[in-house]
Every structure is written in C-alpha cells, then in structure tokens.
>>> print(open('query06.txt').read())   # compact mmCIF, C-alpha atoms
# COMPACT_ATOMS: atom_id res chain seq x y z
CA MET A 283 0.00 0.00 0.00
CA LYS A 284 1.22 3.50 -0.79
CA SER A 285 2.27 5.82 1.96
CA MET A 286 0.98 9.37 2.05
CA GLN A 287 4.28 10.69 3.39
CA LYS A 288 5.84 11.20 -0.03
CA ASP A 289 2.93 11.03 -2.48
CA ASN A 290 0.65 13.74 -3.73
CA THR A 291 -2.67 12.60 -5.15
CA VAL A 292 -3.90 15.00 -7.82
CA VAL A 293 -7.59 14.77 -8.72
CA ILE A 294 -8.69 16.70 -11.81
CA ASN A 295 -12.18 18.21 -11.85
CA HIS A 296 -13.69 16.31 -14.80
CA ARG A 297 -16.85 18.46 -14.82
CA PHE A 298 -14.68 21.50 -15.43
CA VAL A 299 -12.90 19.72 -18.29
CA ARG A 300 -16.20 18.59 -19.87
CA ILE A 301 -17.76 22.05 -19.71
CA ASN A 302 -14.69 23.69 -21.25
CA ALA A 303 -14.50 21.03 -23.97
CA ALA A 304 -18.19 21.55 -24.85
CA LEU A 305 -17.74 25.33 -25.06
CA LEU A 306 -14.61 25.00 -27.21
CA ILE A 307 -16.34 22.53 -29.54
CA GLY A 308 -19.24 24.97 -29.81
CA MET A 309 -16.82 27.77 -30.66
CA ILE A 310 -15.15 25.64 -33.34
CA PHE A 311 -18.58 24.80 -34.79
CA VAL A 312 -19.51 28.50 -34.99
CA ILE A 313 -16.17 29.41 -36.59
CA PHE A 314 -16.40 26.65 -39.22
CA THR A 315 -20.01 27.60 -39.98
CA PHE A 316 -18.88 31.16 -40.58
CA ILE A 317 -15.98 30.01 -42.77
CA ILE A 318 -18.23 27.79 -44.91
CA ASP A 319 -20.61 30.70 -45.56
CA ASN A 320 -18.90 32.37 -48.52
CA GLU A 321 -20.37 35.88 -48.42
CA PRO A 322 -21.60 36.72 -44.92
CA SER A 323 -23.73 39.83 -44.48
CA SER A 324 -23.15 42.41 -41.78
CA ASP A 325 -25.90 40.82 -39.63
CA ASP A 326 -24.15 37.46 -39.83
CA LYS A 327 -20.86 39.03 -38.79
CA PHE A 328 -22.49 40.66 -35.77
CA LEU A 329 -24.12 37.34 -34.79
CA PHE A 330 -20.81 35.51 -35.26
CA TYR A 331 -18.84 37.92 -33.09
CA SER A 332 -21.54 38.04 -30.40
CA ILE A 333 -21.69 34.22 -30.15
CA ILE A 334 -17.89 33.99 -29.92
CA ALA A 335 -17.85 36.73 -27.24
CA MET A 336 -20.54 34.93 -25.20
CA ILE A 337 -18.67 31.63 -25.37
CA LEU A 338 -15.43 33.34 -24.27
CA ILE A 339 -17.23 35.04 -21.38
CA PHE A 340 -18.65 31.69 -20.23
CA LEU A 341 -15.18 30.13 -20.49
CA LEU A 342 -13.65 32.88 -18.36
CA ILE A 343 -16.42 32.65 -15.76
CA GLY A 344 -15.88 28.89 -15.59
CA TRP A 345 -12.12 29.36 -15.17
CA VAL A 346 -12.68 31.82 -12.32
CA ILE A 347 -15.42 29.97 -10.42
CA CYS A 348 -14.64 26.26 -10.84
CA PRO A 349 -11.70 24.58 -9.14
CA ILE A 350 -9.35 22.88 -11.58
CA CYS A 351 -7.95 20.16 -9.33
CA CYS A 352 -7.59 18.97 -5.75
CA ILE A 353 -4.26 17.84 -4.31
CA VAL A 354 -4.26 15.54 -1.29
CA ASN A 355 -1.02 14.83 0.57
CA ALA A 356 0.15 14.02 4.09
CA GLU A 357 0.02 17.65 5.27
CA GLY A 358 -3.41 18.66 4.00
CA ILE A 359 -5.72 19.41 1.11
CA LYS A 360 -5.10 21.98 -1.61
CA ILE A 361 -7.80 23.13 -4.03
CA VAL A 362 -6.36 24.78 -7.15
CA TYR A 363 -8.16 27.58 -9.00
CA ALA A 364 -7.08 29.07 -12.35
CA PHE A 365 -6.56 32.72 -11.47
CA GLU A 366 -6.16 32.60 -7.69
CA LYS A 367 -3.60 31.35 -5.25
CA ASN A 368 -4.16 27.79 -4.13
CA THR A 369 -6.25 27.27 -1.02
CA PHE A 370 -4.19 24.94 1.19
CA THR A 371 -5.48 23.78 4.55
CA GLU A 372 -3.91 21.38 6.98
CA TYR A 373 -5.97 18.41 8.13
CA ARG A 374 -6.09 19.57 11.74
CA LYS A 375 -7.87 22.79 10.66
CA ILE A 376 -10.56 20.89 8.75
CA ARG A 377 -13.39 20.25 11.18
CA LYS A 378 -15.44 17.84 9.10
CA ILE A 379 -15.51 16.25 5.63
CA TYR A 380 -18.95 15.22 4.45
CA ILE A 381 -20.81 14.51 1.22
CA ALA A 382 -23.53 16.87 -0.06
CA ARG A 383 -25.61 17.14 -3.21
CA ASP A 384 -24.35 19.50 -5.87
CA ILE A 385 -26.52 22.63 -6.05
CA ILE A 386 -26.30 22.87 -9.85
CA TYR A 387 -27.63 19.32 -10.34
CA ASN A 388 -30.17 19.51 -7.52
CA ARG A 389 -33.37 18.90 -9.51
CA SER A 390 -31.98 17.27 -12.59
CA PHE A 391 -32.11 13.71 -13.86
CA PHE A 392 -28.47 13.19 -12.93
CA THR A 393 -27.51 13.42 -9.28
CA ARG A 394 -24.04 14.69 -8.45
CA TYR A 395 -22.32 14.83 -5.09
CA ASN A 396 -19.44 16.86 -3.68
CA TYR A 397 -17.07 16.45 -0.78
CA VAL A 398 -17.47 19.47 1.48
CA PHE A 399 -14.39 20.37 3.54
CA ASP A 400 -15.78 22.23 6.55
CA GLY A 401 -13.03 24.50 7.87
CA LEU A 402 -11.20 24.99 4.56
CA LYS A 403 -9.99 28.58 4.50
CA LEU A 404 -11.07 30.43 1.37
CA LYS A 405 -9.51 33.60 -0.01
CA LYS A 406 -12.42 34.95 -2.10
CA LYS A 407 -16.22 34.94 -1.81
CA TYR A 408 -16.88 33.01 -5.00
CA MET A 409 -14.52 30.19 -4.01
CA ARG A 410 -16.22 27.11 -2.62
CA ASN A 411 -15.02 24.66 0.00
CA GLU A 412 -16.20 21.63 -1.96
CA PHE A 413 -14.88 19.38 -4.67
CA MET A 414 -16.59 16.78 -6.82
CA LYS A 415 -16.93 13.26 -5.45
CA CYS A 416 -14.94 10.63 -7.30
CA LYS A 417 -13.26 7.33 -6.51
CA LYS A 418 -9.72 8.70 -6.71
CA LEU A 419 -10.39 11.42 -4.14
CA GLU A 420 -12.22 8.95 -1.91
CA LYS A 421 -9.24 6.56 -2.00
CA ALA A 422 -6.81 9.37 -1.18
CA LEU A 423 -8.90 10.56 1.77
CA MET A 424 -9.32 6.99 3.06
CA LEU A 425 -5.59 6.33 2.75
CA TYR A 426 -4.88 9.44 4.77
CA ALA A 427 -7.48 8.52 7.38
CA LYS A 428 -6.08 5.00 7.83
CA GLU A 429 -2.51 6.26 8.13
CA LYS A 430 -3.46 9.07 10.49
CA LEU A 431 -5.51 6.77 12.73
CA ASN A 432 -2.76 4.11 12.83
CA ASN A 433 -0.13 6.70 13.79
CA GLU A 434 -2.24 8.18 16.58
CA LEU A 435 -3.25 4.91 18.25
CA PRO A 436 -1.94 4.54 21.82
CA LYS A 437 0.98 2.13 22.15
>>> encode(input="query06.txt", output="structure tokens")
Amino acid sequence: MKSMQKDNTVVINHRFVRINAALLIGMIFVIFTFIIDNEPSSDDKFLFYSIIAMILIFLLIGWVICPICCIVNAEGIKIVYAFEKNTFTEYRKIRKIYIARDIIYNRSFFTRYNYVFDGLKLKKKYMRNEFMKCKKLEKALMLYAKEKLNNELPK
C-alpha cells in the first residue's frame, strides 16, 4: 500500500474539463459555420462575433469559479483555481468532511455529489469549500485517514 508521506494525489475536476470542452467545440462549430458561408452579411458578422464573445465570457467565468484540481497529501488538502492562489489547509484545521448534493444538479435527472471540507480557508467569496466526489479522491482521503488513525493509536 502506498504511503501518504511522499505522495501527492492529484484529482482533476472532470466536470470542469467537460464544460470547457463543450464550449470549445461549440466555438469551433460556430467558426467553421462562418468560414463555410462564402459571403456573410453584416448581420451574420455581428451574430458571429456576439456568439464567440458569449462563449469566451462563459469560459472565463468557468475558469474563475470552478476549481481545476484537488491535491491531497500528508500535510493537507489543496484546491487549485485558475486565477487565484491555491487554497491549502492542513488536516487539523478541517473540522469535518462530508458529502452533499451538488446545487447545480439539484433537480436534474443526474444526481451529483461533492465532498465538502468544513473549515477549509477560502480567499475569495466566490470560491467554494467543496470538490466533486470521485473514486480517486475517496481513495486518497481513506488512505490518509487510515494512516493518520494508525499513527495516533496509543501504544
């Protein structure tokens, strides 16, 4: 079994990757549609530039709001954002880790869950103290918990 003393477990936010990929594919579709149209009118040019601007705005909002990855190591948990400093918190400062439903997918057909790190210090208002639930993050947290509990048992 791996030891958490020297390993960092990096978990990529796959929702973030999927949303960015969908927006980029949409942008490519709009660009190729505009290229195929031989003689675009001025209205088509305005529509083209406005769609591209909206897609870029959504991409930038996604890069600012969504965490890109979560790094779990022996010292603590670090959530990485695109344009902000990483939010690192030691395990002793985290009061509780629990699973909650994702607000965005609350009433949809698909149910998504997040790990909520209660006590994670955040630098900005829009940053969230939660990260998507996945097997890799669950394994990393369980590995830490087992090692931490075994080291703190009375001898």
>>> residues_around(input="query06.txt", residues="A:Lys378", least_positions_apart="5", cutoff="10 Å", atoms="all atoms listed in the file", output="list in words")
Tyr373, Val398, Phe399, Asp400, Gly401 and Leu402 of chain A
>>> residues_around(input="query06.txt", residues="stretch 301-318 of chain A", least_positions_apart="3", cutoff="7 Å", atoms="only C-alpha atoms", output="count of residues only")
5
>>> residues_around(input="query06.txt", residues="A:Lys403", least_positions_apart="6", cutoff="9 Å", atoms="all atoms listed in the file", output="mmCIF file with C-alpha atoms, in the frame of the given file")
data_model
loop_
_atom_site.group_PDB
_atom_site.id
_atom_site.type_symbol
_atom_site.label_atom_id
_atom_site.label_comp_id
_atom_site.auth_asym_id
_atom_site.auth_seq_id
_atom_site.Cartn_x
_atom_site.Cartn_y
_atom_site.Cartn_z
ATOM 1 C CA THR A 369 -6.250 27.270 -1.020
ATOM 2 C CA PHE A 370 -4.190 24.940 1.190
ATOM 3 C CA THR A 371 -5.480 23.780 4.550
ATOM 4 C CA LYS A 375 -7.870 22.790 10.660
ATOM 5 C CA ILE A 376 -10.560 20.890 8.750
ATOM 6 C CA ASN A 411 -15.020 24.660 0.000
#
>>> atom_distance(input="query06.txt", atom1="atom CA of A:Lys367", atom2="atom CA of A:Lys407")
13.6 Å
>>> residues_around(input="query06.txt", residues="A:Cys352", least_positions_apart="6", cutoff="12 Å", atoms="only C-alpha atoms", output="ChimeraX atom specification")
/A:290-296,358-363,368-371,397,399,411-416,418-420,422-423
>>> atom_distance(input="query06.txt", atom1="atom CA of A:Tyr408", atom2="atom CA of A:Leu338")
19.3 Å
>>> atom_distance(input="query06.txt", atom1="atom CA of A:Thr393", atom2="atom CA of A:Lys406")
27.3 Å
>>> closest_residue(input="query06.txt", among="A:Leu329, A:Ile339, A:Ala364, A:Ala356", to="A:Asp289", atoms="only C-alpha atoms")
A:Ala356
>>> build_atoms(input="query06.txt", residues="stretch 330-346 of chain A", atoms="N, CA, C and O atoms", output="PDB file, in the coordinates of the input")
ATOM      1  N   PHE A 330     -22.016  36.321 -35.445  1.00  0.00           N
ATOM      2  CA  PHE A 330     -20.810  35.510 -35.260  1.00  0.00           C
ATOM      3  C   PHE A 330     -19.965  36.051 -34.110  1.00  0.00           C
ATOM      4  O   PHE A 330     -19.581  35.303 -33.201  1.00  0.00           O
ATOM      5  N   TYR A 331     -19.686  37.337 -34.131  1.00  0.00           N
ATOM      6  CA  TYR A 331     -18.840  37.920 -33.090  1.00  0.00           C
ATOM      7  C   TYR A 331     -19.529  37.900 -31.720  1.00  0.00           C
ATOM      8  O   TYR A 331     -18.870  37.730 -30.694  1.00  0.00           O
ATOM      9  N   SER A 332     -20.840  38.067 -31.692  1.00  0.00           N
ATOM     10  CA  SER A 332     -21.540  38.040 -30.400  1.00  0.00           C
ATOM     11  C   SER A 332     -21.550  36.625 -29.821  1.00  0.00           C
ATOM     12  O   SER A 332     -21.382  36.453 -28.608  1.00  0.00           O
ATOM     13  N   ILE A 333     -21.722  35.607 -30.654  1.00  0.00           N
ATOM     14  CA  ILE A 333     -21.690  34.220 -30.150  1.00  0.00           C
ATOM     15  C   ILE A 333     -20.296  33.880 -29.635  1.00  0.00           C
ATOM     16  O   ILE A 333     -20.147  33.280 -28.561  1.00  0.00           O
ATOM     17  N   ILE A 334     -19.266  34.252 -30.368  1.00  0.00           N
ATOM     18  CA  ILE A 334     -17.890  33.990 -29.920  1.00  0.00           C
ATOM     19  C   ILE A 334     -17.610  34.724 -28.608  1.00  0.00           C
ATOM     20  O   ILE A 334     -16.998  34.160 -27.690  1.00  0.00           O
ATOM     21  N   ALA A 335     -18.068  35.970 -28.477  1.00  0.00           N
ATOM     22  CA  ALA A 335     -17.850  36.730 -27.240  1.00  0.00           C
ATOM     23  C   ALA A 335     -18.580  36.071 -26.066  1.00  0.00           C
ATOM     24  O   ALA A 335     -18.023  35.972 -24.963  1.00  0.00           O
ATOM     25  N   MET A 336     -19.812  35.597 -26.285  1.00  0.00           N
ATOM     26  CA  MET A 336     -20.540  34.930 -25.200  1.00  0.00           C
ATOM     27  C   MET A 336     -19.845  33.647 -24.765  1.00  0.00           C
ATOM     28  O   MET A 336     -19.728  33.370 -23.572  1.00  0.00           O
ATOM     29  N   ILE A 337     -19.364  32.870 -25.718  1.00  0.00           N
ATOM     30  CA  ILE A 337     -18.670  31.630 -25.370  1.00  0.00           C
ATOM     31  C   ILE A 337     -17.392  31.941 -24.585  1.00  0.00           C
ATOM     32  O   ILE A 337     -17.084  31.274 -23.594  1.00  0.00           O
ATOM     33  N   LEU A 338     -16.651  32.960 -25.005  1.00  0.00           N
ATOM     34  CA  LEU A 338     -15.430  33.340 -24.270  1.00  0.00           C
ATOM     35  C   LEU A 338     -15.742  33.829 -22.863  1.00  0.00           C
ATOM     36  O   LEU A 338     -14.998  33.539 -21.917  1.00  0.00           O
ATOM     37  N   ILE A 339     -16.838  34.577 -22.713  1.00  0.00           N
ATOM     38  CA  ILE A 339     -17.230  35.040 -21.380  1.00  0.00           C
ATOM     39  C   ILE A 339     -17.573  33.856 -20.482  1.00  0.00           C
ATOM     40  O   ILE A 339     -17.148  33.792 -19.320  1.00  0.00           O
ATOM     41  N   PHE A 340     -18.321  32.885 -21.020  1.00  0.00           N
ATOM     42  CA  PHE A 340     -18.650  31.690 -20.230  1.00  0.00           C
ATOM     43  C   PHE A 340     -17.392  30.906 -19.869  1.00  0.00           C
ATOM     44  O   PHE A 340     -17.281  30.373 -18.760  1.00  0.00           O
ATOM     45  N   LEU A 341     -16.442  30.820 -20.793  1.00  0.00           N
ATOM     46  CA  LEU A 341     -15.180  30.130 -20.490  1.00  0.00           C
ATOM     47  C   LEU A 341     -14.440  30.826 -19.353  1.00  0.00           C
ATOM     48  O   LEU A 341     -13.948  30.179 -18.428  1.00  0.00           O
ATOM     49  N   LEU A 342     -14.344  32.145 -19.411  1.00  0.00           N
ATOM     50  CA  LEU A 342     -13.650  32.880 -18.360  1.00  0.00           C
ATOM     51  C   LEU A 342     -14.350  32.768 -17.008  1.00  0.00           C
ATOM     52  O   LEU A 342     -13.699  32.609 -15.971  1.00  0.00           O
ATOM     53  N   ILE A 343     -15.683  32.821 -17.015  1.00  0.00           N
ATOM     54  CA  ILE A 343     -16.420  32.650 -15.760  1.00  0.00           C
ATOM     55  C   ILE A 343     -16.168  31.262 -15.190  1.00  0.00           C
ATOM     56  O   ILE A 343     -15.955  31.096 -13.988  1.00  0.00           O
ATOM     57  N   GLY A 344     -16.166  30.249 -16.052  1.00  0.00           N
ATOM     58  CA  GLY A 344     -15.880  28.890 -15.590  1.00  0.00           C
ATOM     59  C   GLY A 344     -14.481  28.764 -15.033  1.00  0.00           C
ATOM     60  O   GLY A 344     -14.266  28.099 -14.016  1.00  0.00           O
ATOM     61  N   TRP A 345     -13.510  29.413 -15.656  1.00  0.00           N
ATOM     62  CA  TRP A 345     -12.120  29.360 -15.170  1.00  0.00           C
ATOM     63  C   TRP A 345     -11.984  30.058 -13.827  1.00  0.00           C
ATOM     64  O   TRP A 345     -11.158  29.683 -13.002  1.00  0.00           O
ATOM     65  N   VAL A 346     -12.784  31.088 -13.585  1.00  0.00           N
ATOM     66  CA  VAL A 346     -12.680  31.820 -12.320  1.00  0.00           C
ATOM     67  C   VAL A 346     -13.399  31.077 -11.199  1.00  0.00           C
ATOM     68  O   VAL A 346     -12.879  30.943 -10.097  1.00  0.00           O
TER      69      VAL A 346
END
